[in-house]
Amino acid sequence: MSKEYWSPPTGKSIISVAPVILAYIILVLLLAIILVAYPGFRFKKHDYFELTHRFSGWLVVALFVALLMVFVNDFSRDAHQSFGRFLIELPAFWFLMVTVAAIVHPWLLLRKVPVTPEYLSNHAVRLHFNHTTTTFGKGIQLARHPLRDWHGFATFPDPEGKTFSSLVSKAGDWTAACIDDQPTHLWKRGVLIYGFAYVMRVFKRVVVVTTGSGIGPCLSFLGDDNRPDLRVVWQTRTPLKTYGQGVLDLVSKMDANPYIINTRESGRIDMVPIIRKLYKDFDAEAVCVISNPFMTKKVVYELESEGIPAFGPIFDS
């Protein structure tokens, strides 16, 4: 486009300066999105990454719409064709419309829903929802303000089956605020969506390995009776004190005899030998690891090095 504007083959450019300016603004915004997505920055300044990604992304799409309109205006005039006809015959227009519809659709389902918080400890809170029900492996997007940071949480059905819960543990400012200032209403966007845990449905027997608050996503395995047979290995500090008897009862529904390691008593131990033995004794088909990024990569790598199929979510999945 720049070449067409500055050095037109015919000596006279049919492109005005407007699309060139818009194109360079879009390029700058895309570079900004790429820079803040650098893992180090994204991990340390996640809120800034999310806001930059969201608002810059919206602005880029809006500028693409403006760019397309200006582009069509210039070329339709040169082709002696009406603006509307030239526009609807352009594939880029329909691709852009699909993109806009995909962005707008979840926001059409934006709702402020009631929440019943259940304080578990100064490290965790259980949020109960009654606006819909959940099934195996689904998650929910939550926010205190619809234009600020959004956070995804796994969901699991409450015992009566008509409501569901999410387990929120202290892992940043937003989650800490949920524990200290427990919400009665939260914004939800879109519908409940399938997360990483749903992938495990392709297996019949799975060993689930988690640490700390990673037990929250693991509880999403409870959303369906037609799920894999499970064995659970959970390493955490004072599980009863931190998460309460209710959460421990849910873990026992996943595995009647879960392998729970209380690090207050034993300290952190290498779980790989335990996982290896359970995998063989249980005749499992796969190992599902849900922990922090470092531990997930470490355990998955060690198991795969021994020929054991192991899977874990990527960072911020």
# chains A, B, ... in the order shown; residues from 1 in each chain; ligands from 1

call {"tool": "select_by_dssp", "arguments": {"residues": "region 82-265 of chain A", "states": "helix (DSSP H, G or I)", "output": "PyMOL selection string"}}
result
chain A and resi 83-88+91-108+173-180+196-202+212-223+239-254+263-265

call {"tool": "write_last_selection", "arguments": {"atoms": "C-alpha atoms", "output": "PDB file, in the first residue's frame"}}
result
ATOM      1  CA  PHE A  83     -19.595   1.898  -3.329  1.00  0.00           C
ATOM      2  CA  GLY A  84     -22.088  -0.685  -2.074  1.00  0.00           C
ATOM      3  CA  ARG A  85     -21.627  -3.145  -4.938  1.00  0.00           C
ATOM      4  CA  PHE A  86     -17.843  -2.946  -4.759  1.00  0.00           C
ATOM      5  CA  LEU A  87     -18.018  -3.500  -0.982  1.00  0.00           C
ATOM      6  CA  ILE A  88     -20.219  -6.609  -0.984  1.00  0.00           C
ATOM      7  CA  PRO A  91     -14.099 -11.012   0.335  1.00  0.00           C
ATOM      8  CA  ALA A  92     -12.329  -8.887   2.966  1.00  0.00           C
ATOM      9  CA  PHE A  93     -15.679  -7.304   3.870  1.00  0.00           C
ATOM     10  CA  TRP A  94     -17.268 -10.649   4.734  1.00  0.00           C
ATOM     11  CA  PHE A  95     -14.208 -11.875   6.642  1.00  0.00           C
ATOM     12  CA  LEU A  96     -14.312  -8.650   8.659  1.00  0.00           C
ATOM     13  CA  MET A  97     -18.030  -9.022   9.364  1.00  0.00           C
ATOM     14  CA  VAL A  98     -17.480 -12.552  10.707  1.00  0.00           C
ATOM     15  CA  THR A  99     -14.677 -11.200  12.934  1.00  0.00           C
ATOM     16  CA  VAL A 100     -16.899  -8.414  14.274  1.00  0.00           C
ATOM     17  CA  ALA A 101     -19.748 -10.854  14.948  1.00  0.00           C
ATOM     18  CA  ALA A 102     -17.387 -13.222  16.828  1.00  0.00           C
ATOM     19  CA  ILE A 103     -16.195 -10.329  19.024  1.00  0.00           C
ATOM     20  CA  VAL A 104     -19.671  -8.921  19.707  1.00  0.00           C
ATOM     21  CA  HIS A 105     -21.475 -12.215  20.368  1.00  0.00           C
ATOM     22  CA  PRO A 106     -20.092 -12.969  23.895  1.00  0.00           C
ATOM     23  CA  TRP A 107     -20.848  -9.403  24.986  1.00  0.00           C
ATOM     24  CA  LEU A 108     -24.472  -9.788  23.952  1.00  0.00           C
ATOM     25  CA  ASP A 173      -5.073  -8.802  43.504  1.00  0.00           C
ATOM     26  CA  TRP A 174      -8.421  -9.839  42.019  1.00  0.00           C
ATOM     27  CA  THR A 175      -8.616 -13.206  43.730  1.00  0.00           C
ATOM     28  CA  ALA A 176      -7.370 -11.742  47.026  1.00  0.00           C
ATOM     29  CA  ALA A 177     -10.148  -9.142  46.838  1.00  0.00           C
ATOM     30  CA  CYS A 178     -12.707 -11.931  46.309  1.00  0.00           C
ATOM     31  CA  ILE A 179     -11.606 -13.478  49.597  1.00  0.00           C
ATOM     32  CA  ASP A 180     -11.295 -10.274  51.638  1.00  0.00           C
ATOM     33  CA  PHE A 196      -8.658 -28.243  29.430  1.00  0.00           C
ATOM     34  CA  ALA A 197     -10.285 -30.902  31.623  1.00  0.00           C
ATOM     35  CA  TYR A 198     -12.743 -31.804  28.853  1.00  0.00           C
ATOM     36  CA  VAL A 199      -9.865 -33.214  26.795  1.00  0.00           C
ATOM     37  CA  MET A 200      -9.467 -35.979  29.378  1.00  0.00           C
ATOM     38  CA  ARG A 201     -12.796 -37.392  28.303  1.00  0.00           C
ATOM     39  CA  VAL A 202     -11.071 -39.264  25.454  1.00  0.00           C
ATOM     40  CA  GLY A 212      -2.574 -26.322  46.014  1.00  0.00           C
ATOM     41  CA  SER A 213      -5.524 -24.508  44.465  1.00  0.00           C
ATOM     42  CA  GLY A 214      -5.146 -26.556  41.273  1.00  0.00           C
ATOM     43  CA  ILE A 215      -7.767 -28.790  42.877  1.00  0.00           C
ATOM     44  CA  GLY A 216     -10.385 -26.245  41.742  1.00  0.00           C
ATOM     45  CA  PRO A 217     -10.031 -27.008  38.002  1.00  0.00           C
ATOM     46  CA  CYS A 218      -9.788 -30.725  38.822  1.00  0.00           C
ATOM     47  CA  LEU A 219     -13.228 -30.648  40.454  1.00  0.00           C
ATOM     48  CA  SER A 220     -14.728 -29.889  37.039  1.00  0.00           C
ATOM     49  CA  PHE A 221     -14.361 -33.642  36.405  1.00  0.00           C
ATOM     50  CA  LEU A 222     -17.457 -34.036  38.597  1.00  0.00           C
ATOM     51  CA  GLY A 223     -19.832 -32.510  36.047  1.00  0.00           C
ATOM     52  CA  PRO A 239      -6.093 -29.116  52.969  1.00  0.00           C
ATOM     53  CA  LEU A 240      -8.832 -29.345  55.615  1.00  0.00           C
ATOM     54  CA  LYS A 241      -8.025 -25.961  57.154  1.00  0.00           C
ATOM     55  CA  THR A 242      -7.526 -24.217  53.809  1.00  0.00           C
ATOM     56  CA  TYR A 243     -10.354 -25.669  51.710  1.00  0.00           C
ATOM     57  CA  GLY A 244     -12.811 -27.154  54.201  1.00  0.00           C
ATOM     58  CA  GLN A 245     -14.524 -30.492  54.552  1.00  0.00           C
ATOM     59  CA  GLY A 246     -16.925 -29.761  51.679  1.00  0.00           C
ATOM     60  CA  VAL A 247     -14.111 -29.591  49.127  1.00  0.00           C
ATOM     61  CA  LEU A 248     -12.474 -32.720  50.567  1.00  0.00           C
ATOM     62  CA  ASP A 249     -15.798 -34.551  50.196  1.00  0.00           C
ATOM     63  CA  LEU A 250     -15.903 -33.515  46.520  1.00  0.00           C
ATOM     64  CA  VAL A 251     -12.361 -34.813  46.032  1.00  0.00           C
ATOM     65  CA  SER A 252     -13.507 -38.127  47.525  1.00  0.00           C
ATOM     66  CA  LYS A 253     -16.263 -38.263  44.896  1.00  0.00           C
ATOM     67  CA  MET A 254     -13.575 -38.113  42.223  1.00  0.00           C
ATOM     68  CA  THR A 263       2.994 -30.358  53.031  1.00  0.00           C
ATOM     69  CA  ARG A 264       2.659 -28.891  56.537  1.00  0.00           C
ATOM     70  CA  GLU A 265       3.464 -32.365  57.869  1.00  0.00           C
TER      71      GLU A 265
END

call {"tool": "select_by_dssp", "arguments": {"residues": "region 87-210 of chain A", "states": "strand (DSSP E)", "output": "ChimeraX atom specification"}}
result
/A:111-114,116-121,124-129,138-143,151-154,156-157,164-169,185-188,193-194,205-210

call {"tool": "write_last_selection", "arguments": {"atoms": "N, CA and C atoms", "output": "compact mmCIF listing (two decimals), in the first residue's frame"}}
result
# COMPACT_ATOMS: atom_id res chain seq x y z
N ARG A 111 -24.02 -10.56 31.52
CA ARG A 111 -25.04 -10.49 32.56
C ARG A 111 -24.36 -10.29 33.93
N LYS A 112 -25.07 -9.61 34.82
CA LYS A 112 -24.64 -9.51 36.21
C LYS A 112 -25.43 -10.54 37.00
N VAL A 113 -24.72 -11.53 37.54
CA VAL A 113 -25.41 -12.66 38.16
C VAL A 113 -25.16 -12.68 39.67
N PRO A 114 -26.13 -13.18 40.44
CA PRO A 114 -25.94 -13.28 41.89
C PRO A 114 -24.93 -14.35 42.27
N THR A 116 -23.24 -16.43 45.76
CA THR A 116 -23.27 -16.72 47.20
C THR A 116 -21.87 -17.19 47.61
N PRO A 117 -21.10 -16.32 48.28
CA PRO A 117 -19.74 -16.71 48.66
C PRO A 117 -19.73 -17.60 49.90
N GLU A 118 -18.84 -18.56 49.91
CA GLU A 118 -18.64 -19.44 51.07
C GLU A 118 -17.17 -19.31 51.49
N TYR A 119 -16.94 -18.58 52.56
CA TYR A 119 -15.56 -18.36 53.02
C TYR A 119 -14.97 -19.67 53.53
N LEU A 120 -13.82 -20.04 52.99
CA LEU A 120 -13.15 -21.28 53.39
C LEU A 120 -11.96 -21.00 54.31
N SER A 121 -11.16 -20.00 53.95
CA SER A 121 -9.99 -19.63 54.75
C SER A 121 -9.48 -18.31 54.18
N ALA A 124 -8.76 -19.07 50.42
CA ALA A 124 -9.70 -19.58 49.43
C ALA A 124 -11.14 -19.24 49.79
N VAL A 125 -11.96 -19.08 48.75
CA VAL A 125 -13.39 -18.87 48.89
C VAL A 125 -14.09 -19.67 47.80
N ARG A 126 -15.23 -20.20 48.13
CA ARG A 126 -16.03 -20.96 47.16
C ARG A 126 -17.22 -20.11 46.75
N LEU A 127 -17.38 -19.86 45.46
CA LEU A 127 -18.47 -19.04 44.95
C LEU A 127 -19.55 -19.93 44.37
N HIS A 128 -20.79 -19.74 44.86
CA HIS A 128 -21.93 -20.54 44.39
C HIS A 128 -22.78 -19.70 43.42
N PHE A 129 -23.19 -20.33 42.30
CA PHE A 129 -24.00 -19.65 41.28
C PHE A 129 -25.27 -20.45 41.04
N LYS A 138 -16.45 -27.70 32.21
CA LYS A 138 -16.80 -26.35 31.78
C LYS A 138 -16.24 -25.29 32.73
N GLY A 139 -16.02 -24.08 32.19
CA GLY A 139 -15.51 -22.97 32.97
C GLY A 139 -16.33 -21.72 32.74
N ILE A 140 -16.09 -20.72 33.58
CA ILE A 140 -16.85 -19.47 33.52
C ILE A 140 -15.89 -18.29 33.56
N GLN A 141 -16.24 -17.21 32.85
CA GLN A 141 -15.47 -15.97 32.85
C GLN A 141 -16.15 -14.98 33.78
N LEU A 142 -15.39 -14.43 34.73
CA LEU A 142 -15.97 -13.55 35.75
C LEU A 142 -15.21 -12.23 35.85
N ALA A 143 -15.92 -11.17 36.23
CA ALA A 143 -15.30 -9.87 36.44
C ALA A 143 -16.15 -9.06 37.41
N HIS A 151 -11.45 -13.03 34.59
CA HIS A 151 -10.73 -14.20 35.10
C HIS A 151 -11.58 -15.45 34.85
N GLY A 152 -10.91 -16.50 34.38
CA GLY A 152 -11.59 -17.76 34.11
C GLY A 152 -11.44 -18.74 35.25
N PHE A 153 -12.53 -19.43 35.59
CA PHE A 153 -12.50 -20.42 36.66
C PHE A 153 -13.24 -21.68 36.21
N ALA A 154 -12.73 -22.82 36.63
CA ALA A 154 -13.43 -24.07 36.37
C ALA A 154 -14.68 -24.13 37.23
N PHE A 156 -17.91 -26.67 38.92
CA PHE A 156 -18.30 -28.03 39.29
C PHE A 156 -19.67 -27.97 39.97
N PRO A 157 -20.50 -28.97 39.78
CA PRO A 157 -21.86 -28.94 40.32
C PRO A 157 -21.87 -29.07 41.84
N PHE A 164 -24.08 -24.52 40.86
CA PHE A 164 -22.70 -24.92 40.68
C PHE A 164 -21.78 -23.95 41.41
N SER A 165 -20.51 -24.33 41.51
CA SER A 165 -19.54 -23.54 42.26
C SER A 165 -18.25 -23.37 41.48
N SER A 166 -17.48 -22.39 41.92
CA SER A 166 -16.10 -22.22 41.46
C SER A 166 -15.25 -21.98 42.69
N LEU A 167 -14.05 -22.54 42.69
CA LEU A 167 -13.13 -22.37 43.80
C LEU A 167 -12.12 -21.29 43.45
N VAL A 168 -12.08 -20.24 44.26
CA VAL A 168 -11.17 -19.11 44.03
C VAL A 168 -10.13 -19.09 45.14
N SER A 169 -8.87 -19.16 44.77
CA SER A 169 -7.81 -19.10 45.77
C SER A 169 -6.92 -17.90 45.50
N HIS A 185 -22.51 -10.16 43.77
CA HIS A 185 -22.83 -10.19 42.35
C HIS A 185 -21.54 -10.07 41.54
N LEU A 186 -21.48 -10.75 40.41
CA LEU A 186 -20.35 -10.65 39.51
C LEU A 186 -20.86 -10.62 38.07
N TRP A 187 -20.06 -10.05 37.19
CA TRP A 187 -20.40 -10.06 35.77
C TRP A 187 -19.89 -11.36 35.14
N LYS A 188 -20.73 -11.96 34.30
CA LYS A 188 -20.30 -13.13 33.53
C LYS A 188 -20.49 -12.80 32.06
N ILE A 193 -17.95 -22.44 29.00
CA ILE A 193 -17.20 -23.03 27.88
C ILE A 193 -16.35 -24.20 28.38
N TYR A 194 -16.08 -25.13 27.48
CA TYR A 194 -15.26 -26.28 27.83
C TYR A 194 -13.80 -25.87 27.97
N ARG A 205 -9.31 -44.15 31.87
CA ARG A 205 -8.73 -44.21 33.21
C ARG A 205 -7.60 -43.17 33.28
N VAL A 206 -7.73 -42.22 34.20
CA VAL A 206 -6.81 -41.09 34.26
C VAL A 206 -6.34 -40.88 35.70
N VAL A 207 -5.04 -40.59 35.84
CA VAL A 207 -4.49 -40.15 37.13
C VAL A 207 -4.43 -38.62 37.09
N VAL A 208 -5.12 -37.98 38.02
CA VAL A 208 -5.17 -36.52 38.10
C VAL A 208 -4.18 -36.07 39.17
N VAL A 209 -3.25 -35.21 38.76
CA VAL A 209 -2.20 -34.72 39.67
C VAL A 209 -2.34 -33.22 39.80
N THR A 210 -2.35 -32.72 41.03
CA THR A 210 -2.48 -31.28 41.22
C THR A 210 -1.79 -30.84 42.51

call {"tool": "closest_residue", "arguments": {"among": "A:Leu31, A:Trp234, A:Lys297, A:Glu304", "to": "Ile274 (chain A)", "atoms": "only C-alpha atoms"}}
result
A:Trp234

call {"tool": "atom_distance", "arguments": {"atom1": "CA of Ile34 (chain A)", "atom2": "CA of Leu110 (chain A)"}}
result
27.6 Å

call {"tool": "decode", "arguments": {"residues": "region 295-306 of chain A", "atoms": "all heavy atoms", "output": "mmCIF file, in the first residue's frame"}}
result
data_model
loop_
_atom_site.group_PDB
_atom_site.id
_atom_site.type_symbol
_atom_site.label_atom_id
_atom_site.label_comp_id
_atom_site.auth_asym_id
_atom_site.auth_seq_id
_atom_site.Cartn_x
_atom_site.Cartn_y
_atom_site.Cartn_z
ATOM 1 N N MET A 295 5.824 -26.331 37.849
ATOM 2 C CA MET A 295 5.590 -27.707 38.296
ATOM 3 C C MET A 295 4.925 -28.537 37.208
ATOM 4 O O MET A 295 5.259 -29.715 37.019
ATOM 5 C CB MET A 295 4.728 -27.702 39.559
ATOM 6 C CG MET A 295 4.471 -29.081 40.141
ATOM 7 S SD MET A 295 5.994 -29.931 40.643
ATOM 8 C CE MET A 295 6.471 -28.931 42.067
ATOM 9 N N THR A 296 3.984 -27.927 36.466
ATOM 10 C CA THR A 296 3.315 -28.658 35.395
ATOM 11 C C THR A 296 4.318 -29.128 34.343
ATOM 12 O O THR A 296 4.328 -30.299 33.947
ATOM 13 C CB THR A 296 2.240 -27.774 34.738
ATOM 14 O OG1 THR A 296 1.251 -27.424 35.707
ATOM 15 C CG2 THR A 296 1.562 -28.515 33.588
ATOM 16 N N LYS A 297 5.189 -28.219 33.890
ATOM 17 C CA LYS A 297 6.191 -28.578 32.876
ATOM 18 C C LYS A 297 7.147 -29.634 33.405
ATOM 19 O O LYS A 297 7.505 -30.579 32.693
ATOM 20 C CB LYS A 297 6.966 -27.333 32.444
ATOM 21 C CG LYS A 297 6.161 -26.357 31.614
ATOM 22 C CD LYS A 297 7.003 -25.150 31.231
ATOM 23 C CE LYS A 297 6.212 -24.152 30.407
ATOM 24 N NZ LYS A 297 7.031 -22.963 30.048
ATOM 25 N N LYS A 298 7.560 -29.492 34.662
ATOM 26 C CA LYS A 298 8.523 -30.419 35.249
ATOM 27 C C LYS A 298 7.947 -31.835 35.324
ATOM 28 O O LYS A 298 8.587 -32.808 34.893
ATOM 29 C CB LYS A 298 8.916 -29.935 36.649
ATOM 30 C CG LYS A 298 9.880 -30.865 37.398
ATOM 31 C CD LYS A 298 10.216 -30.272 38.756
ATOM 32 C CE LYS A 298 11.170 -31.165 39.542
ATOM 33 N NZ LYS A 298 10.561 -32.470 39.873
ATOM 34 N N VAL A 299 6.738 -31.960 35.861
ATOM 35 C CA VAL A 299 6.140 -33.284 36.039
ATOM 36 C C VAL A 299 5.809 -33.917 34.687
ATOM 37 O O VAL A 299 6.079 -35.106 34.457
ATOM 38 C CB VAL A 299 4.881 -33.188 36.923
ATOM 39 C CG1 VAL A 299 4.163 -34.533 36.974
ATOM 40 C CG2 VAL A 299 5.248 -32.738 38.338
ATOM 41 N N VAL A 300 5.230 -33.121 33.775
ATOM 42 C CA VAL A 300 4.896 -33.645 32.447
ATOM 43 C C VAL A 300 6.147 -34.129 31.729
ATOM 44 O O VAL A 300 6.162 -35.211 31.118
ATOM 45 C CB VAL A 300 4.158 -32.570 31.611
ATOM 46 C CG1 VAL A 300 4.063 -33.008 30.147
ATOM 47 C CG2 VAL A 300 2.767 -32.321 32.172
ATOM 48 N N TYR A 301 7.229 -33.354 31.810
ATOM 49 C CA TYR A 301 8.472 -33.733 31.136
ATOM 50 C C TYR A 301 9.036 -35.036 31.707
ATOM 51 O O TYR A 301 9.425 -35.942 30.954
ATOM 52 C CB TYR A 301 9.504 -32.622 31.286
ATOM 53 C CG TYR A 301 10.854 -32.973 30.700
ATOM 54 C CD1 TYR A 301 11.082 -32.892 29.324
ATOM 55 C CD2 TYR A 301 11.899 -33.408 31.521
ATOM 56 C CE1 TYR A 301 12.317 -33.230 28.788
ATOM 57 C CE2 TYR A 301 13.141 -33.755 30.989
ATOM 58 C CZ TYR A 301 13.336 -33.658 29.621
ATOM 59 O OH TYR A 301 14.556 -34.004 29.090
ATOM 60 N N GLU A 302 9.067 -35.159 33.038
ATOM 61 C CA GLU A 302 9.623 -36.361 33.657
ATOM 62 C C GLU A 302 8.797 -37.601 33.306
ATOM 63 O O GLU A 302 9.351 -38.677 33.036
ATOM 64 C CB GLU A 302 9.702 -36.185 35.171
ATOM 65 C CG GLU A 302 10.757 -35.177 35.612
ATOM 66 C CD GLU A 302 10.937 -35.165 37.119
ATOM 67 O OE1 GLU A 302 10.714 -36.219 37.746
ATOM 68 O OE2 GLU A 302 11.293 -34.100 37.663
ATOM 69 N N LEU A 303 7.473 -37.455 33.299
ATOM 70 C CA LEU A 303 6.621 -38.597 32.978
ATOM 71 C C LEU A 303 6.747 -38.989 31.508
ATOM 72 O O LEU A 303 6.835 -40.179 31.174
ATOM 73 C CB LEU A 303 5.166 -38.270 33.318
ATOM 74 C CG LEU A 303 4.845 -38.101 34.806
ATOM 75 C CD1 LEU A 303 3.417 -37.629 35.000
ATOM 76 C CD2 LEU A 303 5.074 -39.404 35.569
ATOM 77 N N GLU A 304 6.751 -37.992 30.635
ATOM 78 C CA GLU A 304 6.869 -38.299 29.207
ATOM 79 C C GLU A 304 8.231 -38.904 28.887
ATOM 80 O O GLU A 304 8.354 -39.714 27.960
ATOM 81 C CB GLU A 304 6.637 -37.037 28.378
ATOM 82 C CG GLU A 304 5.181 -36.590 28.357
ATOM 83 C CD GLU A 304 4.943 -35.452 27.388
ATOM 84 O OE1 GLU A 304 5.891 -34.690 27.118
ATOM 85 O OE2 GLU A 304 3.805 -35.323 26.907
ATOM 86 N N SER A 305 9.255 -38.528 29.648
ATOM 87 C CA SER A 305 10.595 -39.108 29.442
ATOM 88 C C SER A 305 10.605 -40.599 29.738
ATOM 89 O O SER A 305 11.460 -41.332 29.248
ATOM 90 C CB SER A 305 11.622 -38.395 30.337
ATOM 91 O OG SER A 305 11.710 -37.031 30.011
ATOM 92 N N GLU A 306 9.648 -41.037 30.562
ATOM 93 C CA GLU A 306 9.536 -42.451 30.902
ATOM 94 C C GLU A 306 8.486 -43.158 30.056
ATOM 95 O O GLU A 306 8.132 -44.315 30.326
ATOM 96 C CB GLU A 306 9.196 -42.600 32.388
ATOM 97 C CG GLU A 306 10.248 -42.005 33.315
ATOM 98 C CD GLU A 306 9.867 -42.141 34.775
ATOM 99 O OE1 GLU A 306 8.941 -42.926 35.070
ATOM 100 O OE2 GLU A 306 10.486 -41.459 35.613
#
